[in-house]
Amino acid sequence: MHSLKKLAVFPAVFISAAAFFGCTQKQYSVYTNIPQSGYTVLDKNYKNVTQIAGYQHSDKIYNDEDTTGFTTKRRLYFAMVAEAELIVMSDFSSEQATEKFDEFSKQVSTTLNSIDKALSTTVENSDISLFNKAEAGAELEINQITYNVLSEAKSVYNLTQGYYNPALYYNVIAYGFGGEEDCPQTSADLPSDETIGKYTDLASHFSEVQLAEREGRYYVTKPEYTVQVEDKTCSLKLDLGGIGKGYAVDRVDELFEEYGYKYGHFNFAASSMLVKSHPNLGAYNVSFIGPRSPSRDVYIQTTVRNEKISTSGDNEQFYIIDGVRYSHVIDPTTGKPVQTGIMSATVIGGGAARADALTTAIMAMGSERAIKFAEEKLTDVRVIFTCEK
Amino acid sequence: MSLKKVEQVKRDRGFKLFDLIIYGVIVLTVAALFLAVFLTRNSDPLSGVRICVDSVTVFEYEFGKEPTPPSNGVEWIETDKTITVTVNKNGGTNVILIDKSAKTVVMRKADCKGGQCLYFGAIDNNNKIIYCNPHRLRVEPLIRNYDSPDIIM
């Protein structure tokens, strides 16, 4: 009997070891339309790669310019409740070059502030704040930035058949994201299915948001549809946070072109990024942080030059209740935080505003639908998404 | 010594040898686990931390050196093991705890709506940052290589 007890130590030790290694070596799936030669998987937990068809990869990675003597300038900005980082490499040895960069940096700042003032849900008189406060059916005059972003939002809404929906405003707030309410601590704090159902129904009327341009002025009309939640009548509200940073990156790209800067990058809160050329290597090696890595280790790397990147994930803004992860990305079919198994989605190429919205949509689609969508509609951009299942 | 006693001693000797095998296996397993943790640990340890508000640096600390002096809206308390930095800016308060021995930095308290900055976890390497969006506060590793050929997103 005594020896049997001692023998029991063996399985205990091995079960503990297996549990230890099992915890640290959980396997995740990667789906990408980048051909195998165009990327490197760096984390063994992400070795299970599924190839999505339809994209032809062709990077021009080498420079044809002498960049000897180039130095780096860095600026930080704060807009849309997030930080943006600008890196420019150029020959800054002359006073004129420094002045030109200062002017460029000022233009970047002005551009970001203009976009913030137009799209912010927290700035009191922004176009979007005024839209959100307006009565159902009201028509409001908006500036060109808001018009352009809403046009792009409607375009991606149609392309993704509603999987990108900026009208899920109430759902985001109800789950404690967006800064208006505290995050739920227990399942009792979560919003009820009935309330979420009403908010989701309201958001499904986003297609009824009408845009108009008359004599060089821009207008938006709010849908007539409302829902009753407890004693409140709710009209449709918007949050363009899922597309606004991408739009800002597109405008900064135009400024890079206008000022003739070819080298560097502009990163808007790791959500959207402009990658120009690297002065020595041509292309940048861009690595992406594994969405379940506590030490933020990277899982995949690819080369990028003169392209824009957008990424969405459930790993930055989230909480876990009873083992269920609640992130800020809402599934428009359920009105609840995404539970599709997709942990992160990245789109490289094309416009950053479009890519920004597409990554949110991919997260809500789930892997099967996302593969079909990428194969049919995203043959002009690189797509990577990771899945827990 | 009786025959019964001799047999018992023989049996006991067998158990002792078996014990040694068990203990040896345990020691080897623990050593293997230790090596696994050691080999897979973060190879880019945090060297120091910077706290910025509205993109302006308000506090800097490099491990093993003196922190920057307290300034308007920024106070810190240092003990043998920790530095607790309290930032009162943009109408709110954030308390950041620096563990000097573990070389980690974590957002300990924040009175922002939602408190999302509290969910970022600890900064324990040079790739991680913490944002508090409502207070426009950012905690970042002191060393970041801005003209690196690699971008981490």
# chains A, B, ... in the order shown; residues from 1 in each chain; ligands from 1

$ residues_around --residues "region 272-282 of chain A" --least-positions-apart "2" --cutoff "7 Å" --atoms "only C-alpha atoms" --output "ChimeraX atom specification"
/A:61-63,67,245-246,249,253,262-268,270,284,304-311,352,356 /B:149

$ write_last_selection --atoms "C-alpha atoms" --output "PDB file, in the first residue's frame"
ATOM      1  CA  ILE A  61      11.731  45.646 -51.649  1.00  0.00           C
ATOM      2  CA  TYR A  62      14.946  47.295 -52.812  1.00  0.00           C
ATOM      3  CA  ASN A  63      15.831  50.962 -52.926  1.00  0.00           C
ATOM      4  CA  THR A  67      20.149  57.357 -48.599  1.00  0.00           C
ATOM      5  CA  LYS A 245      -8.026  56.160 -37.697  1.00  0.00           C
ATOM      6  CA  GLY A 246      -7.688  54.473 -41.066  1.00  0.00           C
ATOM      7  CA  VAL A 249      -3.707  57.391 -42.079  1.00  0.00           C
ATOM      8  CA  ASP A 253      -0.133  59.349 -46.663  1.00  0.00           C
ATOM      9  CA  LYS A 262       9.571  58.519 -49.029  1.00  0.00           C
ATOM     10  CA  TYR A 263      10.982  56.914 -45.891  1.00  0.00           C
ATOM     11  CA  GLY A 264       9.408  56.237 -42.510  1.00  0.00           C
ATOM     12  CA  HIS A 265       6.060  55.241 -41.106  1.00  0.00           C
ATOM     13  CA  PHE A 266       3.003  56.609 -39.332  1.00  0.00           C
ATOM     14  CA  ASN A 267       1.343  54.458 -36.704  1.00  0.00           C
ATOM     15  CA  PHE A 268      -2.074  55.409 -35.355  1.00  0.00           C
ATOM     16  CA  ALA A 270      -1.409  50.193 -33.677  1.00  0.00           C
ATOM     17  CA  TYR A 284      10.163  47.087 -43.604  1.00  0.00           C
ATOM     18  CA  VAL A 304       5.748  45.870 -46.372  1.00  0.00           C
ATOM     19  CA  ARG A 305       6.640  48.876 -48.496  1.00  0.00           C
ATOM     20  CA  ASN A 306       4.434  51.809 -49.503  1.00  0.00           C
ATOM     21  CA  GLU A 307       1.324  50.169 -48.137  1.00  0.00           C
ATOM     22  CA  LYS A 308      -1.153  50.687 -45.352  1.00  0.00           C
ATOM     23  CA  ILE A 309      -1.947  48.158 -42.653  1.00  0.00           C
ATOM     24  CA  SER A 310      -4.934  47.871 -40.350  1.00  0.00           C
ATOM     25  CA  THR A 311      -5.425  45.413 -37.513  1.00  0.00           C
ATOM     26  CA  ALA A 352      -6.425  52.365 -44.676  1.00  0.00           C
ATOM     27  CA  ASP A 356      -9.701  49.475 -40.866  1.00  0.00           C
TER      28      ASP A 356
ATOM     29  CA  PRO B 149      14.348  48.079 -39.659  1.00  0.00           C
TER      30      PRO B 149
END

$ select_by_dssp --residues "region 1-150 of chain B" --states "strand (DSSP E)" --output "ChimeraX atom specification"
/B:48-53,56-62,74-78,82-89,92-99,104-110,130-132,137-141,150

$ interface_residues --of "chain A" --to "chain B" --cutoff "6 Å" --atoms "only C-alpha atoms" --output "NGL selection string"
:A and (76 or 81 or 179 or 181-183 or 270 or 284-288)

$ atom_distance --atom1 "CA of Val49 (chain B)" --atom2 "CA of Ala110 (chain B)"
18.1 Å

$ residues_around --residues "Gln161 (chain A)" --least-positions-apart "2" --cutoff "12 Å" --atoms "only C-alpha atoms" --output "PyMOL selection string"
chain A and resi 153-159+163-165+204+206-207+332-333+358+361-362+364-365+369-370+373+377

$ write_last_selection --atoms "N, CA and C atoms" --output "mmCIF file, in the first residue's frame"
data_model
loop_
_atom_site.group_PDB
_atom_site.id
_atom_site.type_symbol
_atom_site.label_atom_id
_atom_site.label_comp_id
_atom_site.auth_asym_id
_atom_site.auth_seq_id
_atom_site.Cartn_x
_atom_site.Cartn_y
_atom_site.Cartn_z
ATOM 1 N N ALA A 153 -17.819 54.290 -44.989
ATOM 2 C CA ALA A 153 -18.459 53.369 -44.039
ATOM 3 C C ALA A 153 -19.647 52.663 -44.697
ATOM 4 N N LYS A 154 -20.437 53.413 -45.453
ATOM 5 C CA LYS A 154 -21.593 52.799 -46.125
ATOM 6 C C LYS A 154 -21.130 51.809 -47.196
ATOM 7 N N SER A 155 -20.035 52.168 -47.869
ATOM 8 C CA SER A 155 -19.494 51.291 -48.906
ATOM 9 C C SER A 155 -19.038 49.951 -48.298
ATOM 10 N N VAL A 156 -18.311 50.015 -47.171
ATOM 11 C CA VAL A 156 -17.827 48.769 -46.543
ATOM 12 C C VAL A 156 -19.001 48.001 -45.911
ATOM 13 N N TYR A 157 -19.984 48.726 -45.400
ATOM 14 C CA TYR A 157 -21.185 48.082 -44.843
ATOM 15 C C TYR A 157 -21.854 47.219 -45.924
ATOM 16 N N ASN A 158 -21.957 47.800 -47.131
ATOM 17 C CA ASN A 158 -22.572 47.053 -48.239
ATOM 18 C C ASN A 158 -21.690 45.894 -48.681
ATOM 19 N N LEU A 159 -20.384 46.160 -48.795
ATOM 20 C CA LEU A 159 -19.444 45.121 -49.243
ATOM 21 C C LEU A 159 -19.455 43.919 -48.301
ATOM 22 N N TYR A 163 -21.555 43.275 -41.907
ATOM 23 C CA TYR A 163 -20.651 42.800 -40.842
ATOM 24 C C TYR A 163 -19.786 43.928 -40.293
ATOM 25 N N TYR A 164 -19.565 44.980 -41.091
ATOM 26 C CA TYR A 164 -19.031 46.215 -40.505
ATOM 27 C C TYR A 164 -20.228 47.136 -40.324
ATOM 28 N N ASN A 165 -20.508 47.523 -39.108
ATOM 29 C CA ASN A 165 -21.658 48.383 -38.848
ATOM 30 C C ASN A 165 -21.302 49.421 -37.778
ATOM 31 N N SER A 204 -29.306 47.858 -37.232
ATOM 32 C CA SER A 204 -29.505 47.254 -38.560
ATOM 33 C C SER A 204 -30.127 48.244 -39.548
ATOM 34 N N PHE A 206 -28.760 51.054 -40.260
ATOM 35 C CA PHE A 206 -27.679 51.950 -40.715
ATOM 36 C C PHE A 206 -27.783 52.258 -42.213
ATOM 37 N N SER A 207 -28.266 51.276 -42.991
ATOM 38 C CA SER A 207 -28.358 51.491 -44.455
ATOM 39 C C SER A 207 -29.304 52.649 -44.781
ATOM 40 N N PRO A 332 -22.457 42.122 -35.361
ATOM 41 C CA PRO A 332 -23.744 42.756 -35.690
ATOM 42 C C PRO A 332 -24.894 41.762 -35.798
ATOM 43 N N THR A 333 -24.591 40.457 -35.897
ATOM 44 C CA THR A 333 -25.681 39.479 -35.983
ATOM 45 C C THR A 333 -26.253 39.140 -34.600
ATOM 46 N N LEU A 358 -12.686 46.796 -42.680
ATOM 47 C CA LEU A 358 -12.712 45.387 -43.089
ATOM 48 C C LEU A 358 -12.236 44.455 -41.982
ATOM 49 N N ALA A 361 -14.976 43.800 -39.643
ATOM 50 C CA ALA A 361 -15.973 42.911 -40.255
ATOM 51 C C ALA A 361 -15.493 41.461 -40.241
ATOM 52 N N ILE A 362 -14.216 41.240 -40.563
ATOM 53 C CA ILE A 362 -13.672 39.869 -40.600
ATOM 54 C C ILE A 362 -13.791 39.211 -39.226
ATOM 55 N N ALA A 364 -16.003 39.669 -37.048
ATOM 56 C CA ALA A 364 -17.399 39.309 -36.758
ATOM 57 C C ALA A 364 -17.896 38.165 -37.639
ATOM 58 N N MET A 365 -17.216 37.924 -38.767
ATOM 59 C CA MET A 365 -17.720 36.929 -39.732
ATOM 60 C C MET A 365 -17.527 35.493 -39.271
ATOM 61 N N ARG A 369 -16.923 32.115 -43.167
ATOM 62 C CA ARG A 369 -17.444 33.223 -43.960
ATOM 63 C C ARG A 369 -16.304 34.167 -44.368
ATOM 64 N N ALA A 370 -15.337 34.364 -43.447
ATOM 65 C CA ALA A 370 -14.225 35.273 -43.730
ATOM 66 C C ALA A 370 -13.354 34.741 -44.870
ATOM 67 N N PHE A 373 -15.262 35.341 -48.049
ATOM 68 C CA PHE A 373 -15.267 36.781 -48.321
ATOM 69 C C PHE A 373 -13.917 37.219 -48.895
ATOM 70 N N LYS A 377 -13.832 38.767 -52.459
ATOM 71 C CA LYS A 377 -13.864 40.241 -52.476
ATOM 72 C C LYS A 377 -12.525 40.905 -52.164
#
